[in-house]
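Engineer: I have a structure here, written as structure tokens, and I will follow up with some questions on it.
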Amino acid sequence: MEDSETSFVGPVEVKESTVGYGLGLFVTEDIDADKILLEIPRKKCVALDNHDDDEDENYFLSLDPFPYDNDDDAVNYQRIKLAGKLSFEYLQVMMHDQLLSKETTTTMTTVPKHDNEISSSDFEPYLRLLPFSNCNEETWHVLHWSNEEVETLFEGSIAYREVCSIRHEVDKAIHILQPHVRSKLDSILDNSNLVISNDEIDNAIKSSFVSILSRSFEDDETNGSKCIPVLDMCNHSSNGGNIMHGTDSLDGTVVVYTKTELKAGMELRYSYDDDGHGVATEESGENIKYDNDLMDGEKLKPYQFFILYGFIPNVMTDVRELLRTKSPLFFPK
């Protein structure tokens, strides 16, 4: 983001989170309260109306209504379109990686001219931080669980129907999106020796849904969602949090500022209370107040929070273990 005239990145760094697993965002020096930490211009966010300068600039935004009977607001039309865009952007990165790999094993004179014209995504640095690659950490989200795991662990639980529903809705969306993503890729791959398989497209689309469900923000401009680089590296907190953010109504810039005084080395975290969320405990599923637009304004129960975000706040036990031991979070008495 440093190349953007309207970007500002304060003294922060991405490293291993101190809560759970994965990455988090940390301050590298002492900062007073009410100070701006980040200014992220809209053009650096992955949103449906952000595009490069190609002739298909609004390809996914302008897709005709899908032949799709969708009753699940978690997988609505705008999110389906954003998953198409996000997966295409990531697959561009994959193609560029293939090209660079070829260049290390052959001379430039033997690389087809068309290949030399293939560029990576404008969002490449950000996309490399998202859970696209084939690694064990992918399985933290239920969309990546195997059918056998779902049937064995969730059957009989209060989560079973909704888990099966969201997986089914995403599978349908993948079936609908694949030809659109393939068409965009083929326009780039034409006369090229580079190859992107249908399985790679399907995995990229599914992984895009994981990112959209677990880390995207509301986007008033497209009446859908957007992914905000850097900001979405912040984890949530049930103890007040130390940052807040807002959006400039004139140009869409996202501004992140401190709520409290921060000491160097502290991890930046949101407050669930600021978002209208409550706190879960491992002992019971009561006293939960998760509010989330993905569930059409209804309160989210702990298992619903897991289905969308891949974890349950304030619960460190692995969800598979909670299911094996018939935790009341999934098997209420």
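Chains: A, B, ... in order of the structure tokens. Residues: from 1 per chain. Ligands: from 1, in order shown.
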Could you list, as a list in words, every residue within 10 Å of Arg182 (chain A), counting only C-alpha atoms and ignoring same-chain residues fewer than 6 positions away?
Structural biologist: Phe88, Ile188, Leu189, Ile196, Ser197, Asn198 and Ile201 of chain A
Engineer: Enumerate the residues of region 140-237 of chain A with a DSSP assignment of alpha helix (DSSP H), computed from the backbone, and present them as a PyMOL selection string.
Structural biologist: chain A and resi 147-149+160-189+198-215
Engineer: Mind the document's chain letters and residue numbers, and return as a PyMOL selection string the residues of region 241-277 of chain A that DSSP labels strand (DSSP E or B).
Structural biologist: chain A and resi 243-247+254-258+262+267+269-271
Engineer: Write the selection just made, keeping all heavy atoms, as a compact mmCIF listing (two decimals), in the first residue's frame?
Structural biologist:
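Contents of selection.txt, freshly written:
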```
# COMPACT_ATOMS: atom_id res chain seq x y z
N ILE A 243 -8.57 -0.80 19.25
CA ILE A 243 -8.66 -0.02 18.02
C ILE A 243 -10.11 0.08 17.56
O ILE A 243 -10.96 -0.72 17.96
CB ILE A 243 -7.82 -0.62 16.88
CG1 ILE A 243 -8.30 -2.04 16.55
CG2 ILE A 243 -6.34 -0.58 17.19
CD1 ILE A 243 -7.70 -2.60 15.28
N MET A 244 -10.37 1.08 16.72
CA MET A 244 -11.66 1.22 16.05
C MET A 244 -11.37 1.67 14.62
O MET A 244 -10.26 2.08 14.30
CB MET A 244 -12.54 2.25 16.76
CG MET A 244 -12.91 1.87 18.18
SD MET A 244 -14.00 3.08 18.97
CE MET A 244 -15.53 2.77 18.07
N HIS A 245 -12.39 1.58 13.75
CA HIS A 245 -12.18 2.07 12.39
C HIS A 245 -13.46 2.70 11.86
O HIS A 245 -14.56 2.43 12.33
CB HIS A 245 -11.72 0.93 11.47
CG HIS A 245 -12.83 0.08 10.93
ND1 HIS A 245 -13.40 -0.93 11.66
CD2 HIS A 245 -13.48 0.09 9.73
CE1 HIS A 245 -14.34 -1.51 10.95
NE2 HIS A 245 -14.42 -0.91 9.77
N GLY A 246 -13.30 3.54 10.87
CA GLY A 246 -14.42 4.17 10.19
C GLY A 246 -14.08 4.37 8.73
O GLY A 246 -12.94 4.17 8.31
N THR A 247 -15.08 4.76 7.93
CA THR A 247 -14.89 4.95 6.50
C THR A 247 -15.23 6.37 6.11
O THR A 247 -16.29 6.89 6.46
CB THR A 247 -15.77 3.97 5.70
OG1 THR A 247 -15.45 2.64 6.07
CG2 THR A 247 -15.54 4.14 4.20
N VAL A 254 -10.58 3.86 4.44
CA VAL A 254 -10.80 3.26 5.76
C VAL A 254 -9.73 3.80 6.71
O VAL A 254 -8.54 3.72 6.41
CB VAL A 254 -10.73 1.72 5.69
CG1 VAL A 254 -10.89 1.12 7.09
CG2 VAL A 254 -11.81 1.19 4.75
N VAL A 255 -10.17 4.35 7.84
CA VAL A 255 -9.25 4.93 8.81
C VAL A 255 -9.31 4.11 10.10
O VAL A 255 -10.39 3.89 10.65
CB VAL A 255 -9.61 6.40 9.11
CG1 VAL A 255 -8.61 6.99 10.11
CG2 VAL A 255 -9.63 7.22 7.82
N VAL A 256 -8.15 3.68 10.56
CA VAL A 256 -8.05 2.89 11.79
C VAL A 256 -7.31 3.73 12.83
O VAL A 256 -6.24 4.29 12.53
CB VAL A 256 -7.28 1.57 11.55
CG1 VAL A 256 -7.22 0.75 12.84
CG2 VAL A 256 -7.95 0.78 10.43
N TYR A 257 -7.87 3.83 14.04
CA TYR A 257 -7.24 4.64 15.06
C TYR A 257 -7.30 3.93 16.41
O TYR A 257 -8.07 3.00 16.61
CB TYR A 257 -7.89 6.02 15.15
CG TYR A 257 -9.38 6.00 15.40
CD1 TYR A 257 -9.89 6.11 16.70
CD2 TYR A 257 -10.28 5.89 14.35
CE1 TYR A 257 -11.25 6.10 16.94
CE2 TYR A 257 -11.65 5.89 14.58
CZ TYR A 257 -12.13 5.99 15.87
OH TYR A 257 -13.49 5.97 16.10
N THR A 258 -6.47 4.38 17.32
CA THR A 258 -6.36 3.74 18.63
C THR A 258 -7.47 4.19 19.56
O THR A 258 -7.87 5.36 19.56
CB THR A 258 -5.01 4.08 19.29
OG1 THR A 258 -4.90 5.50 19.42
CG2 THR A 258 -3.86 3.56 18.44
N LEU A 262 -1.23 2.58 23.65
CA LEU A 262 -0.64 1.29 23.32
C LEU A 262 0.86 1.31 23.59
O LEU A 262 1.54 2.30 23.33
CB LEU A 262 -0.89 0.94 21.85
CG LEU A 262 -2.35 0.88 21.38
CD1 LEU A 262 -2.41 0.58 19.90
CD2 LEU A 262 -3.13 -0.14 22.19
N GLU A 267 -0.59 -6.36 20.64
CA GLU A 267 -1.36 -6.79 19.49
C GLU A 267 -2.62 -5.94 19.37
O GLU A 267 -3.29 -5.66 20.35
CB GLU A 267 -1.73 -8.27 19.61
CG GLU A 267 -2.49 -8.79 18.39
CD GLU A 267 -2.62 -10.31 18.37
OE1 GLU A 267 -2.18 -10.97 19.34
OE2 GLU A 267 -3.16 -10.85 17.37
N ARG A 269 -6.41 -5.31 18.54
CA ARG A 269 -7.58 -6.18 18.60
C ARG A 269 -8.86 -5.36 18.68
O ARG A 269 -8.91 -4.30 19.29
CB ARG A 269 -7.49 -7.12 19.80
CG ARG A 269 -6.26 -8.04 19.74
CD ARG A 269 -6.16 -8.92 20.96
NE ARG A 269 -7.24 -9.89 21.01
CZ ARG A 269 -7.44 -10.71 22.04
NH1 ARG A 269 -6.64 -10.67 23.09
NH2 ARG A 269 -8.44 -11.56 22.02
N TYR A 270 -9.91 -5.90 18.05
CA TYR A 270 -11.23 -5.32 18.10
C TYR A 270 -11.95 -5.77 19.37
O TYR A 270 -11.64 -6.81 19.94
CB TYR A 270 -12.08 -5.79 16.93
CG TYR A 270 -11.80 -5.11 15.63
CD1 TYR A 270 -11.20 -5.80 14.59
CD2 TYR A 270 -12.18 -3.79 15.44
CE1 TYR A 270 -10.96 -5.18 13.38
CE2 TYR A 270 -11.94 -3.17 14.24
CZ TYR A 270 -11.33 -3.87 13.20
OH TYR A 270 -11.10 -3.25 12.02
N SER A 271 -12.96 -5.03 19.75
CA SER A 271 -13.81 -5.44 20.84
C SER A 271 -15.09 -6.05 20.29
O SER A 271 -15.74 -5.47 19.41
CB SER A 271 -14.17 -4.23 21.73
OG SER A 271 -15.20 -4.57 22.62
```
Engineer: Counting only C-alpha atoms, give me one row per residue of region 296-324 of chain A with an atom at most 12 Å from an atom of region 16-19 of chain A, showing the shortest contact pair and its distance in Å to one decimal, sorted by chain then residue number, as a Markdown table.
Structural biologist:
```
| residue | atom | partner | partner_atom | distance |
| --- | --- | --- | --- | --- |
| A:Phe311 | CA | A:Val19 | CA | 11.7 |
| A:Pro313 | CA | A:Val19 | CA | 10.3 |
| A:Asn314 | CA | A:Val19 | CA | 9.4 |
| A:Val315 | CA | A:Val19 | CA | 10.5 |
| A:Met316 | CA | A:Val19 | CA | 8.8 |
```
Engineer: Of the candidates A:Ser237, A:Ser157, A:Ser192, A:Asn223, which shows the shortest atom-to-atom distance to Met95 (chain A), using only C-alpha atoms?
Structural biologist: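 Of A:Ser237, A:Ser157, A:Ser192, A:Asn223, the one nearest Met95 (chain A) is A:Ser192, counting only C-alpha atoms.
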Engineer: Ranking A:Leu268, A:Lys333, A:Tyr126, A:Thr325 by minimum distance to Ile31 (chain A) and counting only C-alpha atoms, which one comes first?
Structural biologist: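 That would be A:Leu268, the residue with the smallest distance to Ile31 (chain A).
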Engineer: So that I can see what lies close to Pro125 (chain A), please list as a PyMOL selection string the residues with an atom at most 12 Å from it, counting only C-alpha atoms and leaving out residues fewer than 2 positions away in the same chain.
Structural biologist: chain A and resi 1-2+44+89-90+93+120-123+127-130+229-230
Engineer: Restricted to N, CA and C atoms, what would the selected residues look like written as a PDB file, in the first residue's frame?
Structural biologist:
```pdb
ATOM      1  N   MET A   1       0.820  -1.207   0.000  1.00  0.00           N
ATOM      2  CA  MET A   1       0.000   0.000   0.000  1.00  0.00           C
ATOM      3  C   MET A   1       0.858   1.263   0.000  1.00  0.00           C
ATOM      4  N   GLU A   2       2.152   1.109   0.196  1.00  0.00           N
ATOM      5  CA  GLU A   2       2.998   2.279   0.339  1.00  0.00           C
ATOM      6  C   GLU A   2       3.055   3.127  -0.929  1.00  0.00           C
ATOM      7  N   LYS A  44      -7.385   0.074  -2.749  1.00  0.00           N
ATOM      8  CA  LYS A  44      -6.556  -1.021  -2.259  1.00  0.00           C
ATOM      9  C   LYS A  44      -7.382  -2.125  -1.615  1.00  0.00           C
ATOM     10  N   GLU A  89      -8.474 -12.998  -8.965  1.00  0.00           N
ATOM     11  CA  GLU A  89      -7.282 -12.226  -8.623  1.00  0.00           C
ATOM     12  C   GLU A  89      -6.180 -13.151  -8.089  1.00  0.00           C
ATOM     13  N   TYR A  90      -6.572 -14.119  -7.244  1.00  0.00           N
ATOM     14  CA  TYR A  90      -5.579 -15.047  -6.706  1.00  0.00           C
ATOM     15  C   TYR A  90      -5.002 -15.939  -7.803  1.00  0.00           C
ATOM     16  N   VAL A  93      -2.240 -14.477  -9.594  1.00  0.00           N
ATOM     17  CA  VAL A  93      -0.980 -14.613  -8.858  1.00  0.00           C
ATOM     18  C   VAL A  93      -0.361 -15.984  -9.136  1.00  0.00           C
ATOM     19  N   SER A 120       0.819 -10.159 -12.603  1.00  0.00           N
ATOM     20  CA  SER A 120       0.181 -10.617 -11.378  1.00  0.00           C
ATOM     21  C   SER A 120      -0.948  -9.662 -11.011  1.00  0.00           C
ATOM     22  N   SER A 121      -1.694 -10.015  -9.953  1.00  0.00           N
ATOM     23  CA  SER A 121      -2.785  -9.160  -9.481  1.00  0.00           C
ATOM     24  C   SER A 121      -2.242  -7.922  -8.783  1.00  0.00           C
ATOM     25  N   ASP A 122      -2.988  -6.824  -8.888  1.00  0.00           N
ATOM     26  CA  ASP A 122      -2.627  -5.612  -8.146  1.00  0.00           C
ATOM     27  C   ASP A 122      -2.699  -5.842  -6.638  1.00  0.00           C
ATOM     28  N   PHE A 123      -3.444  -6.878  -6.225  1.00  0.00           N
ATOM     29  CA  PHE A 123      -3.627  -7.172  -4.806  1.00  0.00           C
ATOM     30  C   PHE A 123      -2.686  -8.280  -4.320  1.00  0.00           C
ATOM     31  N   LEU A 127      -3.169 -10.876  -1.136  1.00  0.00           N
ATOM     32  CA  LEU A 127      -3.692 -12.208  -1.445  1.00  0.00           C
ATOM     33  C   LEU A 127      -2.803 -13.313  -0.883  1.00  0.00           C
ATOM     34  N   ARG A 128      -1.507 -13.059  -0.810  1.00  0.00           N
ATOM     35  CA  ARG A 128      -0.585 -14.083  -0.292  1.00  0.00           C
ATOM     36  C   ARG A 128      -0.760 -14.310   1.207  1.00  0.00           C
ATOM     37  N   LEU A 129      -1.460 -13.411   1.882  1.00  0.00           N
ATOM     38  CA  LEU A 129      -1.728 -13.575   3.312  1.00  0.00           C
ATOM     39  C   LEU A 129      -3.043 -14.308   3.577  1.00  0.00           C
ATOM     40  N   LEU A 130      -3.853 -14.491   2.532  1.00  0.00           N
ATOM     41  CA  LEU A 130      -5.147 -15.148   2.699  1.00  0.00           C
ATOM     42  C   LEU A 130      -4.999 -16.663   2.627  1.00  0.00           C
ATOM     43  N   PRO A 229      -7.189  -4.900   3.226  1.00  0.00           N
ATOM     44  CA  PRO A 229      -5.826  -5.316   3.587  1.00  0.00           C
ATOM     45  C   PRO A 229      -5.363  -4.690   4.893  1.00  0.00           C
ATOM     46  N   VAL A 230      -4.527  -5.410   5.595  1.00  0.00           N
ATOM     47  CA  VAL A 230      -3.905  -5.007   6.861  1.00  0.00           C
ATOM     48  C   VAL A 230      -4.932  -5.007   7.999  1.00  0.00           C
TER      49      VAL A 230
END
```
